[in-house]
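A quick write-up on the structure given underneath.
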Amino acid sequence: MRIGTRLGALPGCGTRAGCVRNRCSRLCSRLRARRAPATAAADACAIAIVVAAACSPAPPDTATLRVALWAGGHELEIEQQVAARYEALRPGTRVLLESAPNGYEERLLTSIAAGHPPDVYLLDSPDIPTFVDRGLAVDFAPYQEALGFRADSVFPQVLEAFTRGEAIFALPKDFTPMVIYANRGALERAGVDGLAGRPAGWTWDDFQRAARAVTADTDGDGRLDVFGFDFPRNLYQWVPFVWSAGGDILGPEGRRASGFMDGPAALAAYGFLTSLAEEGLTPGAQFVQQGDPAREARFASGGQAFLLSGHWTLPVFRDVVQSGALDLEILPIPHHPAQGRATSVIYASGWAVPPNAANLRRAIDLAGFLASPEAQRIRAGSGLAIPSRADVAAEIAAADITGVEDAFIALVDGARVTWGAYVRDFSRVEALAVEIMDRRLLHGEALAASAGDVARRVDEVLGR
């Protein structure tokens, strides 16, 4: 396994396409939005006719298809290119992108319930149970052949997030694992080297030693101005540290937190992370409650050695990498010394169709194109995520002379999809879990006490 890859002053920096909005087994009740076999077969044939119509001399009836998503800026421009390509392939069809970066889930639920849904919508992995359990997503399984969708072409962990049994409730778009970004310039100035190339990755001890070596007062004013890390306050960030200690935050079916979120492995992870802050290796507790908006800028300028993030951060660093100001390396999450390797978390998105779409057959056809290899190749230009198809991801990696894409793909192996893909209203669990380490850093409360209290409250949420 390739552990680290240097990204120096070279053109290009990566990919991503709007798949992560910050969030991480109760296996959902095996809900099927599937129709009776005869109806499903008829719909599949109809979709095949729609596909064939694109190649026929006579244009189809004019139709407007609405797509709900949360993209903005350059990402939305890329999606417009994808939509334009579909319109060219389907003469007489117009694709209208309706982006809602804020309050996306609520707006989408309201539109479907009001009977005015989009034809296709982008489904974030933490929102899957909300829509699938309520029957708000069509099962694509009967239409795979007509759409040319091959389940075995998709990274298996990504496909798993959108399936329940044989049903497929969204066609995967793109994804990212969480990784450690390393500023090699900051590390080399502190005399730290040799983090890459370890077959088993690196341990918490390795990470802490490197963070200590980097943390310094470089201008002599009595205040630290270079730090090892920034404190990962939110569950979507720190859950892989619990997994990489051999534990979990919920029981096997996602129905209970007690004994897991407050278990020995989880407490070890909390202890490790809070020790970084208590030792002064992070910018400080002032960022615990309000977040740290300067972390990317601090990292890029050499004021921080390590940054925990996903593929979506690569475009932020593109200019400084190309200018040679930042020498970037991609590393795995460090793991507990007693474990053999790390387990990262995967966040993904996929294209879904509501069952009450105005034109179901055309909507399914559009979703198929949005998840197609052609659309994924166009979308890779945004630099925000890994394409969900392994073959397209491999193409992008082969064209990337920096090697950073290879490093990301190598870290997909052994990663797990977020619990949010299986547990409904997981955001409520995340909102409670943030207290565990906050209470330690802000009030000195014992981690076992805060974790035990939060785990009991999460049990109440899961039991409702």
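Going through the structure tokens in order, the chains are called A, B, and so on, while each chain numbers its residues from 1 and the ligands are numbered from 1 in the order shown.
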So that I can check the surroundings of Glu98 in chain A, please list as a PDB file with C-alpha atoms, in the first residue's frame every protein, DNA and RNA residue that reaches within 9 Å of it, counting only C-alpha atoms and ignoring chain neighbours fewer than 4 positions away.
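And here's result-v7.pdb as it stands now:
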```
ATOM      1  CA  ARG A  66     -35.145  19.763 -12.763  1.00  0.00           C
ATOM      2  CA  VAL A  67     -32.110  18.655 -10.770  1.00  0.00           C
ATOM      3  CA  ALA A  68     -31.694  19.548  -7.084  1.00  0.00           C
ATOM      4  CA  LEU A  69     -28.161  19.810  -5.698  1.00  0.00           C
ATOM      5  CA  TRP A  70     -26.099  21.938  -3.323  1.00  0.00           C
ATOM      6  CA  PRO A 118     -37.257  17.819  -8.643  1.00  0.00           C
TER       7      PRO A 118
END
```
Seminar exercise, completed: Judged by only C-alpha atoms, the minimum distance to Gln304 in chain A among A:Ala266, A:Leu187, A:Leu360, A:Leu411 is found for A:Leu187
Exercise. Just asking: which residues within range 145-345 of chain A are alpha helix (DSSP H) according to DSSP, as an NGL selection string?
Worked result: :A and (145-147 or 156-161 or 184-189 or 204-214 or 235-243 or 264-278 or 295-300 or 314-322)
Would you give me, as CSV, each residue of range 405-458 of chain A having an atom within 9 Å of an atom of range 380-401 of chain A, along with its shortest atom pair and that distance in Å to one decimal, using only C-alpha atoms and sorting by chain and residue number?
```
residue,atom,partner,partner_atom,distance
A:Glu405,CA,A:Ala397,CA,4.9
A:Asp406,CA,A:Ala397,CA,5.5
A:Ala407,CA,A:Ala397,CA,9.0
A:Phe408,CA,A:Ile386,CA,8.2
A:Ile409,CA,A:Ala393,CA,7.9
```
Quick one: write out the picked residues with N, CA and C atoms as an mmCIF file, in the first residue's frame?
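Wrote it out as out_25.cif, contents follow:
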```
data_model
loop_
_atom_site.group_PDB
_atom_site.id
_atom_site.type_symbol
_atom_site.label_atom_id
_atom_site.label_comp_id
_atom_site.auth_asym_id
_atom_site.auth_seq_id
_atom_site.Cartn_x
_atom_site.Cartn_y
_atom_site.Cartn_z
ATOM 1 N N GLU A 405 -3.501 11.647 -6.659
ATOM 2 C CA GLU A 405 -4.710 10.849 -6.858
ATOM 3 C C GLU A 405 -4.454 9.382 -6.514
ATOM 4 N N ASP A 406 -3.292 8.877 -6.895
ATOM 5 C CA ASP A 406 -2.928 7.513 -6.513
ATOM 6 C C ASP A 406 -2.915 7.359 -5.000
ATOM 7 N N ALA A 407 -2.412 8.380 -4.306
ATOM 8 C CA ALA A 407 -2.348 8.317 -2.841
ATOM 9 C C ALA A 407 -3.744 8.255 -2.248
ATOM 10 N N PHE A 408 -4.669 9.061 -2.758
ATOM 11 C CA PHE A 408 -6.044 9.025 -2.263
ATOM 12 C C PHE A 408 -6.695 7.670 -2.530
ATOM 13 N N ILE A 409 -6.544 7.160 -3.743
ATOM 14 C CA ILE A 409 -7.168 5.884 -4.090
ATOM 15 C C ILE A 409 -6.607 4.756 -3.223
#
```
For this session: as a PyMOL selection string, list the residues of range 158-265 of chain A assigned to strand (DSSP E) by DSSP on the backbone atoms of this structure.
Result: chain A and resi 163-164+167-168+171-177+179-183
For this session: Would you mind listing what lies within 10 Å of Ala449 in chain A as a PyMOL selection string, with only C-alpha atoms counted and same-chain residues fewer than 2 positions away left out?
Result: chain A and resi 262+436+439-440+445-447+451-455
Problem set entry | Residues near range 276-288 of chain A, cut-off 7 Å, only C-alpha atoms, skip fewer than 2 positions along chain, as a list in words |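 In the requested format, the answer is Ala211, Arg212, Thr215, Phe227, Gly228, Phe229, Asp230, Phe231, Arg233, Phe272, Leu273, Thr274, Gln290, Gly291, Asp292, Asp438 and Leu441 of chain A.
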Go ahead and save the residues from that selection, with N, CA and C atoms, as a PDB file, in the first residue's frame.
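Final output, again.pdb:
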```pdb
ATOM      1  N   ALA A 211       4.264  16.189  15.600  1.00  0.00           N
ATOM      2  CA  ALA A 211       3.570  17.421  15.977  1.00  0.00           C
ATOM      3  C   ALA A 211       4.363  18.204  17.016  1.00  0.00           C
ATOM      4  N   ARG A 212       4.980  17.497  17.951  1.00  0.00           N
ATOM      5  CA  ARG A 212       5.809  18.165  18.972  1.00  0.00           C
ATOM      6  C   ARG A 212       7.011  18.845  18.319  1.00  0.00           C
ATOM      7  N   THR A 215       5.838  22.148  16.481  1.00  0.00           N
ATOM      8  CA  THR A 215       5.253  23.232  17.271  1.00  0.00           C
ATOM      9  C   THR A 215       6.349  24.127  17.853  1.00  0.00           C
ATOM     10  N   PHE A 227       2.123  25.191  14.597  1.00  0.00           N
ATOM     11  CA  PHE A 227       1.467  24.119  15.345  1.00  0.00           C
ATOM     12  C   PHE A 227       1.517  22.805  14.573  1.00  0.00           C
ATOM     13  N   GLY A 228       1.327  21.726  15.306  1.00  0.00           N
ATOM     14  CA  GLY A 228       1.341  20.426  14.670  1.00  0.00           C
ATOM     15  C   GLY A 228       0.047  20.095  13.962  1.00  0.00           C
ATOM     16  N   PHE A 229      -1.088  20.514  14.520  1.00  0.00           N
ATOM     17  CA  PHE A 229      -2.382  20.033  14.065  1.00  0.00           C
ATOM     18  C   PHE A 229      -3.420  21.070  14.464  1.00  0.00           C
ATOM     19  N   ASP A 230      -4.664  20.916  13.985  1.00  0.00           N
ATOM     20  CA  ASP A 230      -5.767  21.700  14.523  1.00  0.00           C
ATOM     21  C   ASP A 230      -6.765  20.728  15.128  1.00  0.00           C
ATOM     22  N   PHE A 231      -7.426  21.123  16.179  1.00  0.00           N
ATOM     23  CA  PHE A 231      -8.254  20.189  16.932  1.00  0.00           C
ATOM     24  C   PHE A 231      -9.478  19.736  16.134  1.00  0.00           C
ATOM     25  N   ARG A 233     -12.864  18.806  16.169  1.00  0.00           N
ATOM     26  CA  ARG A 233     -13.954  18.870  17.141  1.00  0.00           C
ATOM     27  C   ARG A 233     -15.151  18.008  16.768  1.00  0.00           C
ATOM     28  N   PHE A 272      -6.233  10.718  23.265  1.00  0.00           N
ATOM     29  CA  PHE A 272      -5.146  11.093  22.359  1.00  0.00           C
ATOM     30  C   PHE A 272      -5.376  12.470  21.755  1.00  0.00           C
ATOM     31  N   LEU A 273      -6.578  12.711  21.249  1.00  0.00           N
ATOM     32  CA  LEU A 273      -6.854  13.982  20.578  1.00  0.00           C
ATOM     33  C   LEU A 273      -6.832  15.158  21.547  1.00  0.00           C
ATOM     34  N   THR A 274      -7.432  14.991  22.715  1.00  0.00           N
ATOM     35  CA  THR A 274      -7.420  16.103  23.675  1.00  0.00           C
ATOM     36  C   THR A 274      -6.007  16.353  24.208  1.00  0.00           C
ATOM     37  N   GLN A 290     -16.009  27.496  18.415  1.00  0.00           N
ATOM     38  CA  GLN A 290     -16.364  28.298  17.252  1.00  0.00           C
ATOM     39  C   GLN A 290     -15.746  27.785  15.961  1.00  0.00           C
ATOM     40  N   GLY A 291     -14.972  26.727  16.033  1.00  0.00           N
ATOM     41  CA  GLY A 291     -14.307  26.236  14.843  1.00  0.00           C
ATOM     42  C   GLY A 291     -13.050  27.033  14.555  1.00  0.00           C
ATOM     43  N   ASP A 292     -12.364  26.677  13.506  1.00  0.00           N
ATOM     44  CA  ASP A 292     -11.078  27.297  13.189  1.00  0.00           C
ATOM     45  C   ASP A 292     -11.061  27.684  11.713  1.00  0.00           C
ATOM     46  N   ASP A 438     -15.300  18.645  24.102  1.00  0.00           N
ATOM     47  CA  ASP A 438     -15.476  20.045  24.508  1.00  0.00           C
ATOM     48  C   ASP A 438     -15.487  20.158  26.032  1.00  0.00           C
ATOM     49  N   LEU A 441     -11.962  19.884  27.429  1.00  0.00           N
ATOM     50  CA  LEU A 441     -11.056  20.997  27.154  1.00  0.00           C
ATOM     51  C   LEU A 441     -11.532  22.311  27.755  1.00  0.00           C
TER      52      LEU A 441
END
```
Problem set entry | Nearest-residue call for Leu308 in chain A, choices A:Ser275, A:Asn234, A:Gln289, A:Ser258, using only C-alpha atoms |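 Using only C-alpha atoms, Leu308 in chain A sits closest to A:Asn234.
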Problem set entry | Distance query Val239 in chain A at most 9 Å, only C-alpha atoms, self and fewer than 3 positions along chain excluded, as a VMD selection string | chain A and resid 24 234 to 236 242 to 244 248 to 249 266 269 344 to 345 418
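The gap separating CA of Ala113 in chain A from CA of Pro126 in chain A is 19.8 Å, in Å to one decimal.
Distance-wise, CA of Leu96 in chain A and CA of Phe149 in chain A end up 23.3 Å apart.
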Exercise. Do you know which residues are at most 8 Å from range 296-302 of chain A counting only C-alpha atoms, after dropping those on the same chain fewer than 3 positions away, and could you put them as a PyMOL selection string?
Worked result: chain A and resi 183+185-186+226+293+305-307+316-317+320+325-326
Taking 2 positions as the minimum chain separation for residues in the same chain, which residues sit within 12 Å of Arg150 in chain A when counting only C-alpha atoms? Answer as a compact mmCIF listing (two decimals) with C-alpha atoms, in the first residue's frame.
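Dumped everything to part-v1.txt:
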```txt
# COMPACT_ATOMS: atom_id res chain seq x y z
CA PHE A 140 -32.70 1.67 -9.80
CA ALA A 141 -32.03 -2.08 -9.71
CA TYR A 143 -33.15 -0.31 -14.77
CA GLN A 144 -29.43 -1.08 -14.57
CA GLU A 145 -29.17 -2.76 -17.96
CA ALA A 146 -31.16 -0.07 -19.77
CA LEU A 147 -28.99 2.65 -18.19
CA GLY A 148 -25.72 0.82 -18.80
CA ASP A 152 -19.17 -3.89 -10.21
CA SER A 153 -17.58 -0.80 -11.79
CA VAL A 154 -18.14 1.28 -8.64
CA PHE A 155 -15.91 1.31 -5.56
CA PRO A 156 -17.70 -1.27 -3.36
CA LEU A 159 -22.05 1.48 -3.71
CA ILE A 168 -30.07 0.59 -5.35
CA LEU A 171 -26.46 5.99 -8.56
CA PRO A 172 -23.08 6.93 -7.03
CA GLY A 368 -28.21 7.38 -15.31
CA ALA A 371 -23.65 8.93 -12.92
CA SER A 372 -22.15 7.81 -16.24
CA PRO A 373 -18.42 7.61 -17.01
CA SER A 388 -17.26 6.70 -7.93
CA ARG A 389 -16.33 4.50 -10.88
CA ALA A 390 -13.00 2.80 -10.29
CA ASP A 391 -12.05 2.88 -13.98
```
Exercise. Distance CA of Pro332 in chain A-CA of Pro177 in chain A, one decimal place?
Worked result: 9.5 Å
Problem set entry | Of the listed residues A:Pro101, A:Pro129, A:Gly414, A:Pro354, that which approaches Ser427 in chain A most closely, counting only C-alpha atoms |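 Closest to Ser427 in chain A, using only C-alpha atoms: A:Pro129.
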